[in-house]
>>> print(open('my_file05.txt').read())   # compact mmCIF, N, CA and C atoms
# COMPACT_ATOMS: atom_id res chain seq x y z
N MET L 20 -17.48 3.25 -1.07
CA MET L 20 -16.66 3.49 -2.24
C MET L 20 -16.54 2.20 -3.06
N LYS L 21 -15.89 1.19 -2.49
CA LYS L 21 -15.68 -0.07 -3.19
C LYS L 21 -15.81 -1.22 -2.21
N GLU L 22 -16.33 -2.33 -2.70
CA GLU L 22 -16.44 -3.51 -1.84
C GLU L 22 -15.10 -4.25 -1.73
N LYS L 23 -14.40 -4.38 -2.87
CA LYS L 23 -13.11 -5.06 -2.88
C LYS L 23 -12.04 -4.07 -3.32
N LEU L 24 -11.09 -3.84 -2.44
CA LEU L 24 -10.02 -2.89 -2.70
C LEU L 24 -8.80 -3.58 -3.27
N THR L 25 -7.99 -2.82 -3.97
CA THR L 25 -6.65 -3.27 -4.35
C THR L 25 -5.69 -2.53 -3.43
N ILE L 26 -5.00 -3.30 -2.60
CA ILE L 26 -4.12 -2.74 -1.57
C ILE L 26 -2.68 -3.12 -1.88
N ALA L 27 -1.82 -2.10 -2.00
CA ALA L 27 -0.39 -2.34 -2.20
C ALA L 27 0.28 -2.50 -0.85
N LEU L 28 1.11 -3.53 -0.71
CA LEU L 28 1.86 -3.78 0.51
C LEU L 28 3.35 -3.83 0.18
N VAL L 29 4.11 -2.92 0.77
CA VAL L 29 5.54 -2.81 0.51
C VAL L 29 6.24 -2.63 1.85
N ALA L 30 7.36 -3.31 2.04
CA ALA L 30 8.12 -3.15 3.29
C ALA L 30 9.61 -3.32 3.00
N HIS L 31 10.38 -2.39 3.51
CA HIS L 31 11.83 -2.52 3.41
C HIS L 31 12.31 -3.67 4.30
N ASP L 32 13.54 -4.13 4.06
CA ASP L 32 14.07 -5.30 4.76
C ASP L 32 13.93 -5.22 6.27
N HIS L 33 14.29 -4.09 6.86
CA HIS L 33 14.23 -3.94 8.31
C HIS L 33 12.80 -3.71 8.82
N ARG L 34 11.83 -3.68 7.93
CA ARG L 34 10.42 -3.50 8.31
C ARG L 34 9.55 -4.70 7.92
N LYS L 35 10.15 -5.71 7.29
CA LYS L 35 9.37 -6.86 6.83
C LYS L 35 8.72 -7.62 7.99
N ALA L 36 9.43 -7.82 9.08
CA ALA L 36 8.84 -8.52 10.23
C ALA L 36 7.63 -7.76 10.76
N ASP L 37 7.74 -6.44 10.79
CA ASP L 37 6.64 -5.59 11.22
C ASP L 37 5.44 -5.75 10.26
N MET L 38 5.72 -5.77 8.97
CA MET L 38 4.65 -5.94 7.97
C MET L 38 3.96 -7.29 8.14
N ILE L 39 4.74 -8.35 8.31
CA ILE L 39 4.15 -9.68 8.45
C ILE L 39 3.28 -9.75 9.71
N ASP L 40 3.75 -9.17 10.79
CA ASP L 40 2.94 -9.15 12.01
C ASP L 40 1.64 -8.38 11.76
N TRP L 41 1.72 -7.23 11.09
CA TRP L 41 0.53 -6.43 10.79
C TRP L 41 -0.44 -7.21 9.89
N VAL L 42 0.10 -7.88 8.89
CA VAL L 42 -0.74 -8.68 7.98
C VAL L 42 -1.45 -9.79 8.75
N LYS L 43 -0.73 -10.49 9.61
CA LYS L 43 -1.35 -11.57 10.39
C LYS L 43 -2.47 -11.02 11.27
N ARG L 44 -2.24 -9.89 11.91
CA ARG L 44 -3.26 -9.29 12.78
C ARG L 44 -4.48 -8.82 11.99
N ASN L 45 -4.29 -8.50 10.72
CA ASN L 45 -5.38 -7.99 9.90
C ASN L 45 -5.75 -8.94 8.77
N SER L 46 -5.42 -10.21 8.91
CA SER L 46 -5.62 -11.17 7.83
C SER L 46 -7.09 -11.36 7.45
N ASP L 47 -8.00 -11.29 8.39
CA ASP L 47 -9.42 -11.43 8.05
C ASP L 47 -9.85 -10.32 7.10
N TYR L 48 -9.45 -9.10 7.40
CA TYR L 48 -9.78 -7.96 6.54
C TYR L 48 -9.06 -8.07 5.20
N LEU L 49 -7.75 -8.29 5.24
CA LEU L 49 -6.95 -8.30 4.01
C LEU L 49 -7.34 -9.43 3.06
N SER L 50 -7.78 -10.56 3.59
CA SER L 50 -8.13 -11.70 2.73
C SER L 50 -9.33 -11.42 1.84
N LYS L 51 -10.09 -10.38 2.13
CA LYS L 51 -11.26 -10.01 1.33
C LYS L 51 -10.90 -9.09 0.17
N HIS L 52 -9.63 -8.71 0.08
CA HIS L 52 -9.20 -7.72 -0.91
C HIS L 52 -8.09 -8.28 -1.80
N HIS L 53 -7.78 -7.54 -2.84
CA HIS L 53 -6.71 -7.91 -3.78
C HIS L 53 -5.43 -7.24 -3.29
N LEU L 54 -4.41 -8.02 -3.01
CA LEU L 54 -3.15 -7.50 -2.51
C LEU L 54 -2.11 -7.49 -3.61
N VAL L 55 -1.42 -6.38 -3.74
CA VAL L 55 -0.33 -6.23 -4.71
C VAL L 55 0.91 -5.89 -3.90
N CYS L 56 1.96 -6.69 -4.06
CA CYS L 56 3.14 -6.55 -3.21
C CYS L 56 4.40 -6.51 -4.05
N THR L 57 5.44 -5.93 -3.48
CA THR L 57 6.75 -6.10 -4.09
C THR L 57 7.18 -7.55 -3.83
N GLY L 58 8.12 -8.03 -4.62
CA GLY L 58 8.45 -9.45 -4.68
C GLY L 58 8.71 -10.18 -3.38
N THR L 59 9.73 -9.80 -2.65
CA THR L 59 10.09 -10.51 -1.44
C THR L 59 9.00 -10.37 -0.38
N THR L 60 8.48 -9.16 -0.22
CA THR L 60 7.41 -8.92 0.74
C THR L 60 6.20 -9.77 0.40
N GLY L 61 5.85 -9.83 -0.86
CA GLY L 61 4.70 -10.64 -1.30
C GLY L 61 4.88 -12.12 -0.99
N GLY L 62 6.09 -12.63 -1.19
CA GLY L 62 6.34 -14.03 -0.87
C GLY L 62 6.17 -14.30 0.61
N LEU L 63 6.64 -13.38 1.45
CA LEU L 63 6.49 -13.54 2.90
C LEU L 63 5.03 -13.43 3.33
N ILE L 64 4.28 -12.54 2.69
CA ILE L 64 2.86 -12.38 3.00
C ILE L 64 2.09 -13.62 2.57
N ARG L 65 2.41 -14.16 1.41
CA ARG L 65 1.76 -15.39 0.94
C ARG L 65 2.00 -16.53 1.95
N LYS L 66 3.25 -16.64 2.41
CA LYS L 66 3.59 -17.68 3.40
C LYS L 66 2.83 -17.46 4.71
N ALA L 67 2.68 -16.21 5.14
CA ALA L 67 1.95 -15.91 6.37
C ALA L 67 0.49 -16.33 6.26
N PHE L 68 -0.13 -16.08 5.11
CA PHE L 68 -1.51 -16.51 4.91
C PHE L 68 -1.61 -18.04 4.92
N GLU L 69 -0.65 -18.71 4.29
CA GLU L 69 -0.65 -20.18 4.30
C GLU L 69 -0.53 -20.71 5.72
N GLU L 70 0.36 -20.12 6.53
CA GLU L 70 0.53 -20.55 7.93
C GLU L 70 -0.76 -20.37 8.73
N LEU L 71 -1.54 -19.36 8.37
CA LEU L 71 -2.81 -19.10 9.05
C LEU L 71 -3.95 -19.96 8.50
N GLY L 72 -3.66 -20.69 7.40
CA GLY L 72 -4.69 -21.49 6.75
C GLY L 72 -5.72 -20.66 6.03
N LYS L 73 -5.31 -19.49 5.57
CA LYS L 73 -6.22 -18.57 4.88
C LYS L 73 -5.76 -18.35 3.45
N ASN L 74 -6.71 -18.00 2.61
CA ASN L 74 -6.42 -17.67 1.22
C ASN L 74 -6.51 -16.18 1.02
N ALA L 75 -5.71 -15.68 0.10
CA ALA L 75 -5.76 -14.27 -0.28
C ALA L 75 -5.30 -14.15 -1.72
N GLN L 76 -5.87 -13.19 -2.42
CA GLN L 76 -5.43 -12.91 -3.79
C GLN L 76 -4.22 -11.99 -3.68
N ILE L 77 -3.04 -12.52 -4.01
CA ILE L 77 -1.78 -11.79 -3.87
C ILE L 77 -1.05 -11.81 -5.21
N ASP L 78 -0.77 -10.64 -5.74
CA ASP L 78 0.05 -10.51 -6.94
C ASP L 78 1.38 -9.89 -6.54
N CYS L 79 2.47 -10.51 -6.99
CA CYS L 79 3.80 -10.02 -6.66
C CYS L 79 4.43 -9.33 -7.86
N MET L 80 4.96 -8.16 -7.62
CA MET L 80 5.74 -7.42 -8.62
C MET L 80 7.20 -7.83 -8.42
N ALA L 81 8.09 -7.11 -9.06
CA ALA L 81 9.53 -7.34 -8.87
C ALA L 81 9.90 -6.96 -7.43
N SER L 82 11.06 -7.39 -6.98
CA SER L 82 11.53 -6.95 -5.67
C SER L 82 11.79 -5.44 -5.74
N GLU L 83 11.86 -4.81 -4.59
CA GLU L 83 12.03 -3.36 -4.57
C GLU L 83 13.26 -2.88 -5.34
N PRO L 84 14.46 -3.42 -5.07
CA PRO L 84 15.63 -2.92 -5.80
C PRO L 84 15.57 -3.17 -7.31
N MET L 85 14.72 -4.11 -7.72
CA MET L 85 14.62 -4.43 -9.15
C MET L 85 13.43 -3.72 -9.81
N GLY L 86 12.83 -2.74 -9.12
CA GLY L 86 11.78 -1.93 -9.73
C GLY L 86 10.38 -2.16 -9.23
N GLY L 87 10.21 -2.95 -8.18
CA GLY L 87 8.87 -3.22 -7.65
C GLY L 87 8.15 -1.97 -7.19
N ASP L 88 8.89 -1.05 -6.54
CA ASP L 88 8.29 0.22 -6.11
C ASP L 88 7.78 0.99 -7.33
N ALA L 89 8.59 0.99 -8.39
CA ALA L 89 8.21 1.71 -9.61
C ALA L 89 6.98 1.08 -10.27
N GLU L 90 6.91 -0.26 -10.25
CA GLU L 90 5.73 -0.93 -10.81
C GLU L 90 4.47 -0.55 -10.05
N ILE L 91 4.56 -0.49 -8.74
CA ILE L 91 3.40 -0.12 -7.94
C ILE L 91 3.07 1.36 -8.14
N ALA L 92 4.09 2.20 -8.26
CA ALA L 92 3.84 3.62 -8.55
C ALA L 92 3.11 3.78 -9.88
N ALA L 93 3.48 2.98 -10.87
CA ALA L 93 2.78 3.03 -12.17
C ALA L 93 1.32 2.63 -12.01
N MET L 94 1.05 1.65 -11.16
CA MET L 94 -0.34 1.24 -10.90
C MET L 94 -1.11 2.37 -10.21
N VAL L 95 -0.44 3.10 -9.32
CA VAL L 95 -1.06 4.25 -8.67
C VAL L 95 -1.44 5.28 -9.73
N ILE L 96 -0.53 5.56 -10.65
CA ILE L 96 -0.77 6.54 -11.70
C ILE L 96 -1.97 6.13 -12.55
N ARG L 97 -2.14 4.83 -12.79
CA ARG L 97 -3.27 4.33 -13.59
C ARG L 97 -4.53 4.13 -12.74
N ASN L 98 -4.50 4.58 -11.49
CA ASN L 98 -5.63 4.44 -10.56
C ASN L 98 -6.03 2.99 -10.34
N GLU L 99 -5.05 2.09 -10.28
CA GLU L 99 -5.29 0.67 -10.04
C GLU L 99 -5.06 0.27 -8.58
N ILE L 100 -4.60 1.22 -7.77
CA ILE L 100 -4.36 0.97 -6.35
C ILE L 100 -5.30 1.86 -5.55
N ASP L 101 -6.01 1.26 -4.60
CA ASP L 101 -6.93 2.03 -3.76
C ASP L 101 -6.27 2.51 -2.48
N LEU L 102 -5.29 1.77 -2.00
CA LEU L 102 -4.62 2.07 -0.74
C LEU L 102 -3.24 1.45 -0.78
N ALA L 103 -2.25 2.20 -0.30
CA ALA L 103 -0.88 1.67 -0.22
C ALA L 103 -0.41 1.68 1.23
N ILE L 104 0.18 0.57 1.65
CA ILE L 104 0.82 0.47 2.95
C ILE L 104 2.30 0.26 2.66
N PHE L 105 3.13 1.21 3.03
CA PHE L 105 4.54 1.19 2.68
C PHE L 105 5.35 1.42 3.95
N LEU L 106 5.80 0.33 4.57
CA LEU L 106 6.60 0.42 5.79
C LEU L 106 8.05 0.67 5.40
N ILE L 107 8.47 1.89 5.62
CA ILE L 107 9.77 2.38 5.15
C ILE L 107 10.80 2.27 6.26
N ASP L 108 12.01 1.90 5.90
CA ASP L 108 13.14 1.91 6.82
C ASP L 108 13.82 3.27 6.68
N ASP L 109 13.49 4.17 7.59
CA ASP L 109 14.05 5.52 7.53
C ASP L 109 15.44 5.62 8.16
N LEU L 110 15.92 4.51 8.73
CA LEU L 110 17.20 4.55 9.43
C LEU L 110 18.37 4.09 8.58
N ASN L 111 18.09 3.49 7.43
CA ASN L 111 19.16 2.96 6.59
C ASN L 111 18.99 3.46 5.16
N PRO L 112 20.11 3.78 4.49
CA PRO L 112 20.01 4.24 3.10
C PRO L 112 19.52 3.11 2.19
N GLN L 113 18.77 3.48 1.18
CA GLN L 113 18.23 2.52 0.22
C GLN L 113 18.83 2.81 -1.16
N PRO L 114 19.36 1.80 -1.84
CA PRO L 114 19.96 2.03 -3.15
C PRO L 114 18.93 2.42 -4.22
N HIS L 115 17.67 2.16 -3.97
CA HIS L 115 16.61 2.46 -4.94
C HIS L 115 15.75 3.63 -4.45
N GLU L 116 16.40 4.62 -3.86
CA GLU L 116 15.72 5.78 -3.26
C GLU L 116 14.82 6.51 -4.27
N ALA L 117 15.25 6.59 -5.51
CA ALA L 117 14.44 7.29 -6.52
C ALA L 117 13.08 6.61 -6.71
N ASP L 118 13.06 5.27 -6.71
CA ASP L 118 11.79 4.54 -6.85
C ASP L 118 10.90 4.76 -5.63
N ILE L 119 11.51 4.79 -4.45
CA ILE L 119 10.77 5.03 -3.21
C ILE L 119 10.10 6.40 -3.28
N GLN L 120 10.89 7.40 -3.65
CA GLN L 120 10.35 8.75 -3.73
C GLN L 120 9.26 8.87 -4.79
N MET L 121 9.39 8.11 -5.87
CA MET L 121 8.36 8.13 -6.91
C MET L 121 7.03 7.64 -6.33
N LEU L 122 7.04 6.55 -5.59
CA LEU L 122 5.81 6.03 -5.00
C LEU L 122 5.26 7.01 -3.96
N LEU L 123 6.13 7.57 -3.15
CA LEU L 123 5.69 8.52 -2.13
C LEU L 123 5.16 9.82 -2.74
N ARG L 124 5.63 10.18 -3.92
CA ARG L 124 5.14 11.39 -4.59
C ARG L 124 3.86 11.11 -5.37
N GLN L 125 3.81 9.99 -6.08
CA GLN L 125 2.66 9.71 -6.94
C GLN L 125 1.40 9.39 -6.15
N SER L 126 1.53 8.78 -4.98
CA SER L 126 0.33 8.43 -4.20
C SER L 126 -0.50 9.66 -3.84
N PRO L 127 0.06 10.68 -3.19
CA PRO L 127 -0.77 11.85 -2.91
C PRO L 127 -1.17 12.61 -4.17
N LEU L 128 -0.28 12.63 -5.16
CA LEU L 128 -0.59 13.34 -6.40
C LEU L 128 -1.82 12.75 -7.09
N HIS L 129 -1.99 11.43 -7.00
CA HIS L 129 -3.12 10.75 -7.64
C HIS L 129 -4.22 10.37 -6.64
N ASN L 130 -4.19 11.02 -5.47
CA ASN L 130 -5.26 10.88 -4.48
C ASN L 130 -5.38 9.45 -3.94
N THR L 131 -4.25 8.75 -3.84
CA THR L 131 -4.22 7.40 -3.29
C THR L 131 -3.71 7.47 -1.85
N PRO L 132 -4.51 7.05 -0.88
CA PRO L 132 -4.02 7.08 0.50
C PRO L 132 -2.82 6.16 0.65
N ILE L 133 -1.83 6.63 1.41
CA ILE L 133 -0.64 5.83 1.66
C ILE L 133 -0.28 5.93 3.14
N ALA L 134 -0.07 4.79 3.77
CA ALA L 134 0.32 4.72 5.17
C ALA L 134 1.76 4.26 5.24
N CYS L 135 2.57 4.96 6.03
CA CYS L 135 3.98 4.60 6.15
C CYS L 135 4.34 4.07 7.53
N ASN L 136 3.34 3.87 8.38
CA ASN L 136 3.56 3.22 9.66
C ASN L 136 2.30 2.45 10.04
N ARG L 137 2.41 1.60 11.03
CA ARG L 137 1.30 0.70 11.38
C ARG L 137 0.07 1.43 11.86
N ILE L 138 0.25 2.47 12.65
CA ILE L 138 -0.94 3.14 13.17
C ILE L 138 -1.73 3.79 12.04
N SER L 139 -1.02 4.37 11.07
CA SER L 139 -1.71 4.95 9.91
C SER L 139 -2.42 3.86 9.11
N ALA L 140 -1.75 2.72 8.95
CA ALA L 140 -2.36 1.61 8.23
C ALA L 140 -3.61 1.12 8.95
N ASP L 141 -3.53 0.99 10.28
CA ASP L 141 -4.70 0.56 11.06
C ASP L 141 -5.85 1.54 10.91
N LEU L 142 -5.55 2.83 11.01
CA LEU L 142 -6.59 3.84 10.87
C LEU L 142 -7.22 3.81 9.48
N MET L 143 -6.39 3.63 8.48
CA MET L 143 -6.92 3.63 7.11
C MET L 143 -7.80 2.43 6.82
N ILE L 144 -7.38 1.23 7.23
CA ILE L 144 -8.21 0.07 6.90
C ILE L 144 -9.48 0.01 7.75
N SER L 145 -9.49 0.72 8.88
CA SER L 145 -10.67 0.69 9.73
C SER L 145 -11.65 1.83 9.43
N SER L 146 -11.33 2.66 8.46
CA SER L 146 -12.21 3.79 8.14
C SER L 146 -13.55 3.30 7.60
N PRO L 147 -14.66 3.81 8.13
CA PRO L 147 -15.97 3.44 7.60
C PRO L 147 -16.24 4.00 6.20
N LEU L 148 -15.40 4.91 5.75
CA LEU L 148 -15.60 5.49 4.41
C LEU L 148 -15.44 4.45 3.30
N TRP L 149 -14.63 3.41 3.54
CA TRP L 149 -14.43 2.38 2.52
C TRP L 149 -15.75 1.71 2.13
N SER L 150 -16.65 1.57 3.08
CA SER L 150 -17.91 0.88 2.80
C SER L 150 -19.09 1.84 2.65
N ASP L 151 -18.84 3.14 2.64
CA ASP L 151 -19.90 4.13 2.47
C ASP L 151 -20.17 4.35 0.98
N PRO L 152 -21.31 3.89 0.47
CA PRO L 152 -21.59 4.03 -0.97
C PRO L 152 -21.76 5.48 -1.41
N ASP L 153 -22.01 6.38 -0.46
CA ASP L 153 -22.21 7.79 -0.82
C ASP L 153 -20.93 8.60 -0.80
N TYR L 154 -19.85 8.03 -0.25
CA TYR L 154 -18.60 8.78 -0.18
C TYR L 154 -17.89 8.75 -1.52
N LYS L 155 -17.57 9.93 -2.02
CA LYS L 155 -16.80 10.07 -3.25
C LYS L 155 -15.62 10.99 -2.94
N PRO L 156 -14.39 10.48 -3.05
CA PRO L 156 -13.24 11.34 -2.79
C PRO L 156 -13.24 12.55 -3.73
N ILE L 157 -12.89 13.68 -3.17
CA ILE L 157 -12.81 14.90 -3.98
C ILE L 157 -11.51 14.87 -4.77
N GLU L 158 -11.58 15.23 -6.03
CA GLU L 158 -10.38 15.26 -6.87
C GLU L 158 -9.39 16.29 -6.33
N GLN L 159 -8.13 16.00 -6.50
CA GLN L 159 -7.09 16.92 -6.09
C GLN L 159 -7.22 18.21 -6.89
N SER L 160 -6.94 19.33 -6.25
CA SER L 160 -6.95 20.62 -6.92
C SER L 160 -5.55 21.22 -6.83
N TYR L 161 -5.03 21.62 -7.97
CA TYR L 161 -3.72 22.24 -8.00
C TYR L 161 -3.81 23.66 -8.54
N ILE L 162 -4.95 24.29 -8.28
CA ILE L 162 -5.13 25.67 -8.68
C ILE L 162 -4.46 26.54 -7.64
N ARG L 163 -3.68 27.47 -8.11
CA ARG L 163 -2.96 28.34 -7.18
C ARG L 163 -3.95 29.17 -6.38
N PHE L 164 -3.67 29.26 -5.08
CA PHE L 164 -4.50 30.07 -4.19
C PHE L 164 -3.80 31.38 -3.96
N ASP L 165 -4.45 32.46 -4.33
CA ASP L 165 -3.89 33.80 -4.08
C ASP L 165 -4.72 34.50 -3.03
N ARG L 166 -4.04 35.02 -2.05
CA ARG L 166 -4.73 35.82 -1.03
C ARG L 166 -5.08 37.16 -1.62
N LYS L 167 -6.24 37.63 -1.28
CA LYS L 167 -6.65 38.96 -1.77
C LYS L 167 -7.00 39.84 -0.62
>>> encode(input="my_file05.txt", output="structure tokens")
Amino acid sequence: MKEKLTIALVAHDHRKADMIDWVKRNSDYLSKHHLVCTGTTGGLIRKAFEELGKNAQIDCMASEPMGGDAEIAAMVIRNEIDLAIFLIDDLNPQPHEADIQMLLRQSPLHNTPIACNRISADLMISSPLWSDPDYKPIEQSYIRFDRK
């Protein structure tokens, strides 16, 4: 599909440590791609790459409560994101729930894969389809299916 992906990385406060650990474990892979992060998460990811002595192209949006989720959702709508990793804190209420839901709704609507836990993220980044030049994702179909 593409040699260099644009990958969105978002993590709620109680999931940031998990995200940083995942990024460190996958830093060789991630350093080859363009990373787009919400503000605080992006700063932590940038620091993790520095600690590893590695470089990565990282662009930071606003922090999540200040609209970072919405900025990334807008990028999904414009087909600027190839893959989103969004580690969500499902145990605590979020004041910016509407922005979270927007990203979670727009990703499947615009055919953007989104992983909300580490195992899904691992499976997605390890898929051989990313490097298959013959693979073309099928466009979403919203034609009503009627049984006859």
>>> residues_around(input="my_file05.txt", residues="range 39-48 of chain L", least_positions_apart="6", cutoff="7 Å", atoms="all atoms listed in the file", output="ChimeraX atom specification")
/L:63-64,67
>>> write_last_selection(input="my_file05.txt", atoms="N, CA and C atoms", output="compact mmCIF listing (two decimals), in the coordinates of the input")
# COMPACT_ATOMS: atom_id res chain seq x y z
N LEU L 63 6.64 -13.38 1.45
CA LEU L 63 6.49 -13.54 2.90
C LEU L 63 5.03 -13.43 3.33
N ILE L 64 4.28 -12.54 2.69
CA ILE L 64 2.86 -12.38 3.00
C ILE L 64 2.09 -13.62 2.57
N ALA L 67 2.68 -16.21 5.14
CA ALA L 67 1.95 -15.91 6.37
C ALA L 67 0.49 -16.33 6.26
>>> residues_around(input="my_file05.txt", residues="Asp118 in chain L", least_positions_apart="5", cutoff="6.5 Å", atoms="only N, CA and C atoms", output="list in words")
Asp88, Ala89 and Leu123 of chain L
>>> residues_around(input="my_file05.txt", residues="range 142-159 of chain L", least_positions_apart="4", cutoff="6.5 Å", atoms="only N, CA and C atoms", output="list of chain:residue names")
L:Met20, L:Lys21, L:Glu22, L:Asn130, L:Arg137, L:Ile138
>>> residues_near_point(input="my_file05.txt", point="(-11.1, -4.6, -4.8)", cutoff="8 Å", atoms="only C-alpha atoms", output="list in words")
Lys21, Glu22, Lys23, Leu24, Thr25, Ile26, His52, His53 and Asp101 of chain L
>>> atom_distance(input="my_file05.txt", atom1="atom C of Asn74 in chain L", atom2="atom N of Cys56 in chain L")
13.7 Å
>>> atom_distance(input="my_file05.txt", atom1="atom C of Ser50 in chain L", atom2="atom N of Pro127 in chain L")
24.5 Å
>>> closest_residue(input="my_file05.txt", among="L:Glu83, L:Leu71, L:Thr60, L:Lys66", to="Arg34 in chain L", atoms="only C-alpha atoms")
L:Thr60
>>> atom_distance(input="my_file05.txt", atom1="CA of Asp108 in chain L", atom2="CA of His33 in chain L")
6.1 Å
>>> closest_residue(input="my_file05.txt", among="L:Ala92, L:Met80, L:Ala134, L:Ile162", to="Phe105 in chain L", atoms="only C-alpha atoms")
L:Ala134
>>> residues_around(input="my_file05.txt", residues="Cys79 in chain L", least_positions_apart="4", cutoff="6.5 Å", atoms="only N, CA and C atoms", output="PyMOL selection string")
chain L and resi 54-58+61-62
>>> select_by_dssp(input="my_file05.txt", residues="range 95-152 of chain L", states="strand (DSSP E or B)", output="ChimeraX atom specification")
/L:102-106,133-134
>>> axis_aligned_box(input="my_file05.txt", around="range 37-49 of chain L", padding_each_side="8 Å", output="lines of an AutoDock Vina configuration file")
center_x = -1.1
center_y = -8.6
center_z = 7.9
size_x = 33.6
size_y = 22.0
size_z = 25.7
>>> closest_residue(input="my_file05.txt", among="L:Ile133, L:Arg124, L:Phe164, L:Leu106", to="Met38 in chain L", atoms="all atoms listed in the file")
L:Leu106
>>> decode(input="my_file05.txt", residues="range 112-146 of chain L", atoms="C-alpha atoms", output="JSON list (two decimals), in the first residue's frame")
[["chain", "number", "residue", "atom", "x", "y", "z"],
["L", 112, "PRO", "CA", -14.90, 9.66, 32.54],
["L", 113, "GLN", "CA", -13.33, 12.04, 30.03],
["L", 114, "PRO", "CA", -14.44, 15.70, 29.82],
["L", 115, "HIS", "CA", -13.83, 15.67, 26.05],
["L", 116, "GLU", "CA", -15.95, 12.58, 25.35],
["L", 117, "ALA", "CA", -17.50, 14.13, 22.23],
["L", 118, "ASP", "CA", -14.06, 14.50, 20.60],
["L", 119, "ILE", "CA", -13.18, 10.91, 21.52],
["L", 120, "GLN", "CA", -16.39, 9.63, 19.97],
["L", 121, "MET", "CA", -15.75, 11.72, 16.85],
["L", 122, "LEU", "CA", -12.39, 10.02, 16.29],
["L", 123, "LEU", "CA", -13.83, 6.59, 17.04],
["L", 124, "ARG", "CA", -16.70, 7.20, 14.59],
["L", 125, "GLN", "CA", -14.74, 8.86, 11.78],
["L", 126, "SER", "CA", -11.98, 6.23, 11.62],
["L", 127, "PRO", "CA", -14.19, 3.32, 10.52],
["L", 128, "LEU", "CA", -16.40, 5.64, 8.47],
["L", 129, "HIS", "CA", -13.36, 6.74, 6.43],
["L", 130, "ASN", "CA", -11.82, 3.25, 6.28],
["L", 131, "THR", "CA", -8.93, 4.12, 8.63],
["L", 132, "PRO", "CA", -7.84, 1.22, 10.83],
["L", 133, "ILE", "CA", -7.90, 2.11, 14.51],
["L", 134, "ALA", "CA", -6.50, 0.05, 17.40],
["L", 135, "CYS", "CA", -7.71, 0.73, 20.92],
["L", 136, "ASN", "CA", -5.49, -1.75, 22.75],
["L", 137, "ARG", "CA", -1.92, -3.00, 22.43],
["L", 138, "ILE", "CA", -2.68, -6.37, 20.91],
["L", 139, "SER", "CA", -4.71, -4.74, 18.13],
["L", 140, "ALA", "CA", -1.91, -2.22, 17.58],
["L", 141, "ASP", "CA", 0.66, -5.04, 17.40],
["L", 142, "LEU", "CA", -1.45, -6.98, 14.92],
["L", 143, "MET", "CA", -2.02, -3.93, 12.76],
["L", 144, "ILE", "CA", 1.59, -2.79, 12.51],
["L", 145, "SER", "CA", 2.76, -6.34, 11.80],
["L", 146, "SER", "CA", 0.33, -6.91, 8.93]]
